[in-house]
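Novice: Below: one structure in structure tokens.
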Amino acid sequence: METRIIVDSCVDFNSEVFGQEDYMERIPFKIIIDGEEIIDKNLDTSLLLEKMKNSKNKIITACPSPHEFLESFKKCKNNFVVTISGKLSGSHNSAMLASEMLKEESTDRFVHVFDCKTAVSGADLVVLMIKELIEKKVNNGQIIEQVNEYIDNMKTLFVLDRLDNLVKNGRISNTKALVGSLLQITPIMTANDGEIVLKEQVRGKKKAFNRLIEIIGEESVDLKNKVLGIGHINAKEKAEKLKEEIKNKYDFKDIIIFEGGGLSTIYADDGGIVVCY
């Protein structure tokens, strides 16, 4: 192929949308749990969730190296790269370094690296937009401009069933998690310029999902021209129900469900739901 899309593990799975993915290459993260290194490629997420639940230690993720990106860039003349938010990982920096290294070696190859400034289904939607623009034969400069504008205007909301992993990895304190659990407080999180921050706290999971749906309407315009992505971690039934509720309330161009891979599982944990649009 003349043009490829290269991604790290931030992009999740939907075979109907991504097809055979012959236009896309995944450069996997490594996940380290209790000293065991797991390559985030074709992972059994149920096994990963079990290891996460059984571990009392911090779970570490190691991003791809510049060399791994560089070798991928050499395979094709035109390359668009999508990484998880640069404020969540060093993956974006690795891809940028690889791009600079390629310029020193070759002048006939094109690489542009996008920081999706979010994670989970947000990265999926960025890839789909790039794919659509490539298929329409939009030139590289216009693709960069349109995708950057898309990323800057993207909204991310997520509701977590479990806070265990956020505690282990220092995202929230153990005290806050314990109080939240005792009071049945469910946090609604969001992405703010690439960082994960608390948006609201709601008592009860059902109320939290109802509030999430309300927020979509409060913060959105021109929904009929937008695609909404729902990323889920071991929660397909919940994602399907949420899709129907959003569809009944709003007129999105399309609503697509993505199944979380290894990296998304680390961030959103068992039962986590992430909505991007």
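To be explicit about the labels: the chains of the structure tokens are called A, B, and onward in the order shown, and within each one the residues are counted from 1, while ligands get numbers from 1 in the order they are shown.
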With a distance cut-off of 10 Å and only C-alpha atoms, select the neighbouring residues of Leu125 (chain A), excluding the residue or stretch itself and same-chain residues fewer than 3 positions from it, and output the selection as a ChimeraX atom specification.
Specialist: /A:11,116,120-122,128-131,150-151,154,227-230,256,258,276-277
Novice: Could you list, as JSON, numbers by chain, every residue within 7 Å of Ser55 (chain A), counting only C-alpha atoms and ignoring same-chain residues fewer than 3 positions away?
Specialist: {"A": [34, 51, 52]}
Novice: Using only C-alpha atoms, determine which residues lie at most 10 Å from Asn54 (chain A), disregarding the query and same-chain residues fewer than 4 positions distant; provide the list as a JSON list (two decimals) with N, CA and C atoms, in the first residue's frame.
Specialist:
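Output below, filename selection.json:
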```
[["chain", "number", "residue", "atom", "x", "y", "z"],
["A", 33, "ILE", "N", 3.33, -6.99, 35.00],
["A", 33, "ILE", "CA", 2.55, -7.28, 36.21],
["A", 33, "ILE", "C", 3.34, -8.27, 37.06],
["A", 34, "ASP", "N", 3.71, -7.85, 38.27],
["A", 34, "ASP", "CA", 4.47, -8.69, 39.19],
["A", 34, "ASP", "C", 5.72, -9.29, 38.52],
["A", 48, "LEU", "N", -5.74, -11.16, 31.35],
["A", 48, "LEU", "CA", -5.08, -9.94, 31.84],
["A", 48, "LEU", "C", -5.84, -9.38, 33.04],
["A", 49, "LEU", "N", -7.15, -9.34, 32.97],
["A", 49, "LEU", "CA", -7.96, -8.83, 34.08],
["A", 49, "LEU", "C", -7.75, -9.67, 35.35],
["A", 50, "GLU", "N", -7.64, -10.97, 35.17],
["A", 50, "GLU", "CA", -7.40, -11.86, 36.32],
["A", 50, "GLU", "C", -6.06, -11.55, 36.97]]
```
Novice: Which residue out of A:Val127, A:Leu160, A:Met24, A:Met189 has the minimum interatomic distance to Ile266 (chain A) when only C-alpha atoms are used?
Specialist: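 Among A:Val127, A:Leu160, A:Met24, A:Met189, it is A:Leu160 that comes nearest to Ile266 (chain A).
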Novice: Check the DSSP output for the backbone and give back, as JSON, numbers by chain, the residues of region 47-259 of chain A in alpha helix (DSSP H).
Specialist: {"A": [47, 48, 49, 50, 51, 52, 53, 54, 66, 67, 68, 69, 70, 71, 72, 73, 91, 92, 93, 94, 95, 96, 97, 98, 99, 100, 101, 102, 103, 104, 105, 121, 122, 123, 124, 125, 126, 127, 128, 129, 130, 131, 132, 133, 134, 135, 140, 141, 142, 143, 144, 145, 146, 147, 148, 149, 150, 151, 152, 153, 164, 165, 166, 167, 168, 174, 175, 176, 177, 178, 179, 180, 181, 182, 205, 206, 207, 208, 209, 210, 211, 212, 213, 214, 215, 216, 217, 218, 219, 236, 237, 238, 239, 240, 241, 242, 243, 244, 245, 246, 247, 248, 249]}
Novice: Find the spatial neighbours of region 240-254 of chain A, counting only C-alpha atoms, within a cut-off of 6 Å - ignore same-chain residues fewer than 3 positions away - and output them as a ChimeraX atom specification.
Specialist: /A:223-227,237
Novice: How would the residues just picked look written out with N, CA, C and O atoms as a PDB file, in the first residue's frame?
Specialist:
```pdb
ATOM      1  N   LEU A 223     -24.540  17.140  16.259  1.00  0.00           N
ATOM      2  CA  LEU A 223     -24.345  15.713  16.476  1.00  0.00           C
ATOM      3  C   LEU A 223     -24.600  14.876  15.234  1.00  0.00           C
ATOM      4  O   LEU A 223     -24.006  13.810  15.064  1.00  0.00           O
ATOM      5  N   LYS A 224     -25.459  15.348  14.349  1.00  0.00           N
ATOM      6  CA  LYS A 224     -25.817  14.546  13.171  1.00  0.00           C
ATOM      7  C   LYS A 224     -24.632  14.331  12.231  1.00  0.00           C
ATOM      8  O   LYS A 224     -24.671  13.439  11.373  1.00  0.00           O
ATOM      9  N   ASN A 225     -23.582  15.133  12.393  1.00  0.00           N
ATOM     10  CA  ASN A 225     -22.385  14.960  11.571  1.00  0.00           C
ATOM     11  C   ASN A 225     -21.234  14.316  12.344  1.00  0.00           C
ATOM     12  O   ASN A 225     -20.102  14.285  11.856  1.00  0.00           O
ATOM     13  N   LYS A 226     -21.533  13.814  13.553  1.00  0.00           N
ATOM     14  CA  LYS A 226     -20.484  13.232  14.389  1.00  0.00           C
ATOM     15  C   LYS A 226     -20.691  11.733  14.575  1.00  0.00           C
ATOM     16  O   LYS A 226     -21.817  11.240  14.621  1.00  0.00           O
ATOM     17  N   VAL A 227     -19.573  11.032  14.700  1.00  0.00           N
ATOM     18  CA  VAL A 227     -19.588   9.614  15.053  1.00  0.00           C
ATOM     19  C   VAL A 227     -19.216   9.504  16.526  1.00  0.00           C
ATOM     20  O   VAL A 227     -18.273  10.153  16.985  1.00  0.00           O
ATOM     21  N   GLU A 237     -22.459  -6.065  26.906  1.00  0.00           N
ATOM     22  CA  GLU A 237     -23.891  -5.872  27.141  1.00  0.00           C
ATOM     23  C   GLU A 237     -24.180  -4.444  27.606  1.00  0.00           C
ATOM     24  O   GLU A 237     -25.127  -3.794  27.148  1.00  0.00           O
TER      25      GLU A 237
END
```
Novice: Restricting the calculation to only C-alpha atoms, which member of A:Asp161, A:Asp12, A:Glu200, A:Glu104 is positioned closest to Ala268 (chain A)?
Specialist: A:Asp161
Novice: Between CA of Thr186 (chain A) and CA of Val202 (chain A), what is the distance, to one decimal in Å?
Specialist: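 So the answer is 5.2 Å.
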Novice: Which value, in Å to one decimal, gives the distance between CA of Lys238 (chain A) and CA of Ile84 (chain A)?
Specialist: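 About the pair CA of Lys238 (chain A) and CA of Ile84 (chain A): they are 24.4 Å apart.
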Novice: Between A:Lys58, A:Lys77, A:Lys53, A:Lys155, which one has atoms that come closest to Lys117 (chain A), using only C-alpha atoms?
Specialist: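 Ranking A:Lys58, A:Lys77, A:Lys53, A:Lys155 by distance to Lys117 (chain A), first place goes to A:Lys155.
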Novice: Might you pull out every residue within 7 Å of Ser99 (chain A), with only C-alpha atoms counted and same-chain residues fewer than 3 positions away left off, and present them as a count of residues only?
Specialist: 6
Novice: Report the residues of region 32-71 of chain A whose backbone DSSP state falls under strand (DSSP E or B), written as a PyMOL selection string.
Specialist: chain A and resi 32-33+36-39+60-62
Novice: What does the file look like for those residues with N, CA, C and O atoms, as a PDB file, in the first residue's frame?
Specialist:
```pdb
ATOM      1  N   ILE A  32       3.747  -4.879  32.384  1.00  0.00           N
ATOM      2  CA  ILE A  32       4.507  -5.633  33.386  1.00  0.00           C
ATOM      3  C   ILE A  32       3.674  -5.753  34.662  1.00  0.00           C
ATOM      4  O   ILE A  32       3.335  -4.751  35.304  1.00  0.00           O
ATOM      5  N   ILE A  33       3.332  -6.994  35.002  1.00  0.00           N
ATOM      6  CA  ILE A  33       2.549  -7.283  36.212  1.00  0.00           C
ATOM      7  C   ILE A  33       3.338  -8.266  37.062  1.00  0.00           C
ATOM      8  O   ILE A  33       3.638  -9.389  36.626  1.00  0.00           O
ATOM      9  N   GLU A  36       6.232  -9.984  35.438  1.00  0.00           N
ATOM     10  CA  GLU A  36       5.968 -10.690  34.180  1.00  0.00           C
ATOM     11  C   GLU A  36       5.717  -9.672  33.063  1.00  0.00           C
ATOM     12  O   GLU A  36       4.874  -8.797  33.199  1.00  0.00           O
ATOM     13  N   GLU A  37       6.441  -9.813  31.960  1.00  0.00           N
ATOM     14  CA  GLU A  37       6.262  -8.915  30.815  1.00  0.00           C
ATOM     15  C   GLU A  37       5.281  -9.537  29.824  1.00  0.00           C
ATOM     16  O   GLU A  37       5.475 -10.651  29.357  1.00  0.00           O
ATOM     17  N   ILE A  38       4.230  -8.787  29.506  1.00  0.00           N
ATOM     18  CA  ILE A  38       3.193  -9.257  28.588  1.00  0.00           C
ATOM     19  C   ILE A  38       3.157  -8.330  27.382  1.00  0.00           C
ATOM     20  O   ILE A  38       3.037  -7.114  27.526  1.00  0.00           O
ATOM     21  N   ILE A  39       3.282  -8.889  26.174  1.00  0.00           N
ATOM     22  CA  ILE A  39       3.218  -8.097  24.949  1.00  0.00           C
ATOM     23  C   ILE A  39       1.750  -7.826  24.627  1.00  0.00           C
ATOM     24  O   ILE A  39       0.937  -8.753  24.553  1.00  0.00           O
ATOM     25  N   ILE A  60       2.817  -1.714  35.439  1.00  0.00           N
ATOM     26  CA  ILE A  60       3.650  -0.837  34.628  1.00  0.00           C
ATOM     27  C   ILE A  60       3.386  -1.086  33.144  1.00  0.00           C
ATOM     28  O   ILE A  60       3.224  -2.239  32.720  1.00  0.00           O
ATOM     29  N   THR A  61       3.352  -0.018  32.368  1.00  0.00           N
ATOM     30  CA  THR A  61       3.281  -0.159  30.914  1.00  0.00           C
ATOM     31  C   THR A  61       4.536   0.459  30.307  1.00  0.00           C
ATOM     32  O   THR A  61       4.969   1.533  30.731  1.00  0.00           O
ATOM     33  N   ALA A  62       5.109  -0.233  29.336  1.00  0.00           N
ATOM     34  CA  ALA A  62       6.309   0.253  28.650  1.00  0.00           C
ATOM     35  C   ALA A  62       5.958   0.511  27.194  1.00  0.00           C
ATOM     36  O   ALA A  62       5.501  -0.384  26.478  1.00  0.00           O
TER      37      ALA A  62
END
```
Novice: Would you compute the distance between CA of Gly260 (chain A) and CA of Ala191 (chain A)? Give it in Å to one decimal.
Specialist: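 Separation of CA of Gly260 (chain A) and CA of Ala191 (chain A): 17.4 Å.
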Novice: Excluding Glu259 (chain A) and any residue of its chain fewer than 2 positions from it, enumerate the residues within 10 Å of it, using only C-alpha atoms, and give them as a PyMOL selection string.
Specialist: chain A and resi 11-15+45+120-121+230-236+239+257+261+264-265+273
Novice: Output the selection as a short mmCIF file (atom, residue, chain, number, x, y, z; two decimals), in the first residue's frame - C-alpha atoms for each residue.
Specialist:
```cif
data_model
loop_
_atom_site.label_atom_id
_atom_site.label_comp_id
_atom_site.auth_asym_id
_atom_site.auth_seq_id
_atom_site.Cartn_x
_atom_site.Cartn_y
_atom_site.Cartn_z
CA VAL A 11 -6.35 1.48 19.21
CA ASP A 12 -8.92 -1.15 20.15
CA PHE A 13 -10.87 -3.73 18.19
CA ASN A 14 -13.89 -3.82 15.89
CA SER A 15 -13.42 -6.22 12.97
CA THR A 45 -8.07 -9.62 28.14
CA VAL A 120 -9.48 4.04 24.10
CA SER A 121 -12.32 4.83 21.66
CA ILE A 230 -18.07 3.49 22.89
CA GLY A 231 -15.08 1.55 24.20
CA HIS A 232 -15.75 -1.18 26.73
CA ILE A 233 -13.65 -3.47 28.91
CA ASN A 234 -15.39 -6.84 29.29
CA ALA A 235 -18.77 -5.05 29.22
CA LYS A 236 -20.34 -5.65 25.81
CA ALA A 239 -22.03 -0.93 25.92
CA ILE A 257 -18.70 -0.04 19.80
CA GLY A 261 -7.37 -4.24 24.16
CA SER A 264 -7.25 0.19 27.43
CA THR A 265 -7.85 -2.55 30.00
CA ILE A 273 -16.91 2.34 29.61
#
```
Novice: Kindly indicate which residue among A:Gly271, A:Ile255, A:Gly86, A:Val17 lies nearest to Glu132 (chain A), using only C-alpha atoms for the distances.
Specialist: A:Val17
Novice: Hey, what's within 10 Å of Val113 (chain A) if we count only C-alpha atoms and toss same-chain stuff fewer than 5 positions away? As a list in words, please?
Specialist: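 So, after excluding close chain neighbours, the residues are Ile5, Ile6, Val7, Asn79, Phe80, Val81, Val82, Thr83, His92, Asn93, Ala95, Met96, Ala98, Ser99 and Ile144 of chain A.
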Novice: May I have the selected residues written with N, CA, C and O atoms, as a PDB file, in the first residue's frame?
Specialist:
```pdb
ATOM      1  N   ILE A   5      -1.389   3.462   8.148  1.00  0.00           N
ATOM      2  CA  ILE A   5      -1.623   4.077   9.446  1.00  0.00           C
ATOM      3  C   ILE A   5      -0.943   3.198  10.485  1.00  0.00           C
ATOM      4  O   ILE A   5      -1.208   1.990  10.572  1.00  0.00           O
ATOM      5  N   ILE A   6      -0.065   3.808  11.261  1.00  0.00           N
ATOM      6  CA  ILE A   6       0.677   3.072  12.289  1.00  0.00           C
ATOM      7  C   ILE A   6       0.193   3.545  13.649  1.00  0.00           C
ATOM      8  O   ILE A   6       0.078   4.749  13.898  1.00  0.00           O
ATOM      9  N   VAL A   7      -0.113   2.601  14.520  1.00  0.00           N
ATOM     10  CA  VAL A   7      -0.677   2.936  15.830  1.00  0.00           C
ATOM     11  C   VAL A   7       0.065   2.179  16.914  1.00  0.00           C
ATOM     12  O   VAL A   7       0.701   1.156  16.658  1.00  0.00           O
ATOM     13  N   ASN A  79       3.270   7.545   5.790  1.00  0.00           N
ATOM     14  CA  ASN A  79       2.883   6.992   7.090  1.00  0.00           C
ATOM     15  C   ASN A  79       2.197   8.048   7.952  1.00  0.00           C
ATOM     16  O   ASN A  79       2.758   9.118   8.188  1.00  0.00           O
ATOM     17  N   PHE A  80       0.996   7.710   8.408  1.00  0.00           N
ATOM     18  CA  PHE A  80       0.333   8.513   9.429  1.00  0.00           C
ATOM     19  C   PHE A  80       0.344   7.695  10.720  1.00  0.00           C
ATOM     20  O   PHE A  80       0.008   6.506  10.711  1.00  0.00           O
ATOM     21  N   VAL A  81       0.730   8.339  11.820  1.00  0.00           N
ATOM     22  CA  VAL A  81       0.908   7.639  13.093  1.00  0.00           C
ATOM     23  C   VAL A  81      -0.059   8.212  14.124  1.00  0.00           C
ATOM     24  O   VAL A  81      -0.210   9.433  14.224  1.00  0.00           O
ATOM     25  N   VAL A  82      -0.697   7.318  14.888  1.00  0.00           N
ATOM     26  CA  VAL A  82      -1.599   7.735  15.968  1.00  0.00           C
ATOM     27  C   VAL A  82      -1.122   7.097  17.263  1.00  0.00           C
ATOM     28  O   VAL A  82      -0.989   5.877  17.350  1.00  0.00           O
ATOM     29  N   THR A  83      -0.854   7.936  18.271  1.00  0.00           N
ATOM     30  CA  THR A  83      -0.425   7.422  19.574  1.00  0.00           C
ATOM     31  C   THR A  83      -1.408   7.852  20.661  1.00  0.00           C
ATOM     32  O   THR A  83      -2.157   8.819  20.494  1.00  0.00           O
ATOM     33  N   HIS A  92       4.247   8.813  22.248  1.00  0.00           N
ATOM     34  CA  HIS A  92       4.265   9.897  21.266  1.00  0.00           C
ATOM     35  C   HIS A  92       5.692  10.392  21.046  1.00  0.00           C
ATOM     36  O   HIS A  92       6.114  10.609  19.888  1.00  0.00           O
ATOM     37  N   ASN A  93       6.442  10.550  22.112  1.00  0.00           N
ATOM     38  CA  ASN A  93       7.839  10.988  21.982  1.00  0.00           C
ATOM     39  C   ASN A  93       8.673   9.982  21.209  1.00  0.00           C
ATOM     40  O   ASN A  93       9.529  10.357  20.394  1.00  0.00           O
ATOM     41  N   ALA A  95       7.623   7.939  18.867  1.00  0.00           N
ATOM     42  CA  ALA A  95       7.273   8.045  17.446  1.00  0.00           C
ATOM     43  C   ALA A  95       7.885   9.294  16.817  1.00  0.00           C
ATOM     44  O   ALA A  95       8.348   9.265  15.668  1.00  0.00           O
ATOM     45  N   MET A  96       7.909  10.403  17.567  1.00  0.00           N
ATOM     46  CA  MET A  96       8.498  11.641  17.051  1.00  0.00           C
ATOM     47  C   MET A  96      10.005  11.478  16.839  1.00  0.00           C
ATOM     48  O   MET A  96      10.560  11.942  15.832  1.00  0.00           O
ATOM     49  N   ALA A  98      11.539   8.694  16.221  1.00  0.00           N
ATOM     50  CA  ALA A  98      11.705   7.807  15.065  1.00  0.00           C
ATOM     51  C   ALA A  98      11.518   8.571  13.768  1.00  0.00           C
ATOM     52  O   ALA A  98      12.228   8.334  12.780  1.00  0.00           O
ATOM     53  N   SER A  99      10.586   9.508  13.762  1.00  0.00           N
ATOM     54  CA  SER A  99      10.347  10.332  12.578  1.00  0.00           C
ATOM     55  C   SER A  99      11.578  11.167  12.232  1.00  0.00           C
ATOM     56  O   SER A  99      11.969  11.292  11.063  1.00  0.00           O
ATOM     57  N   ILE A 144      -3.664  16.328   7.683  1.00  0.00           N
ATOM     58  CA  ILE A 144      -3.087  16.814   8.946  1.00  0.00           C
ATOM     59  C   ILE A 144      -3.971  17.902   9.547  1.00  0.00           C
ATOM     60  O   ILE A 144      -4.303  17.873  10.742  1.00  0.00           O
TER      61      ILE A 144
END
```
Novice: Choose the residue, out of A:Ser9, A:Asn57, A:Thr190, A:Ser65, that has the smallest atom-to-atom separation from Lys41 (chain A); count only C-alpha atoms.
Specialist: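 Once distances to Lys41 (chain A) are computed over only C-alpha atoms, the minimum belongs to A:Ser9.
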Novice: From the list A:Ile215, A:Glu21, A:Lys136, A:Arg109, which residue is nearest Cys76 (chain A) when using only C-alpha atoms?
Specialist: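 Residue with the minimum atom-to-atom distance to Cys76 (chain A): A:Arg109.
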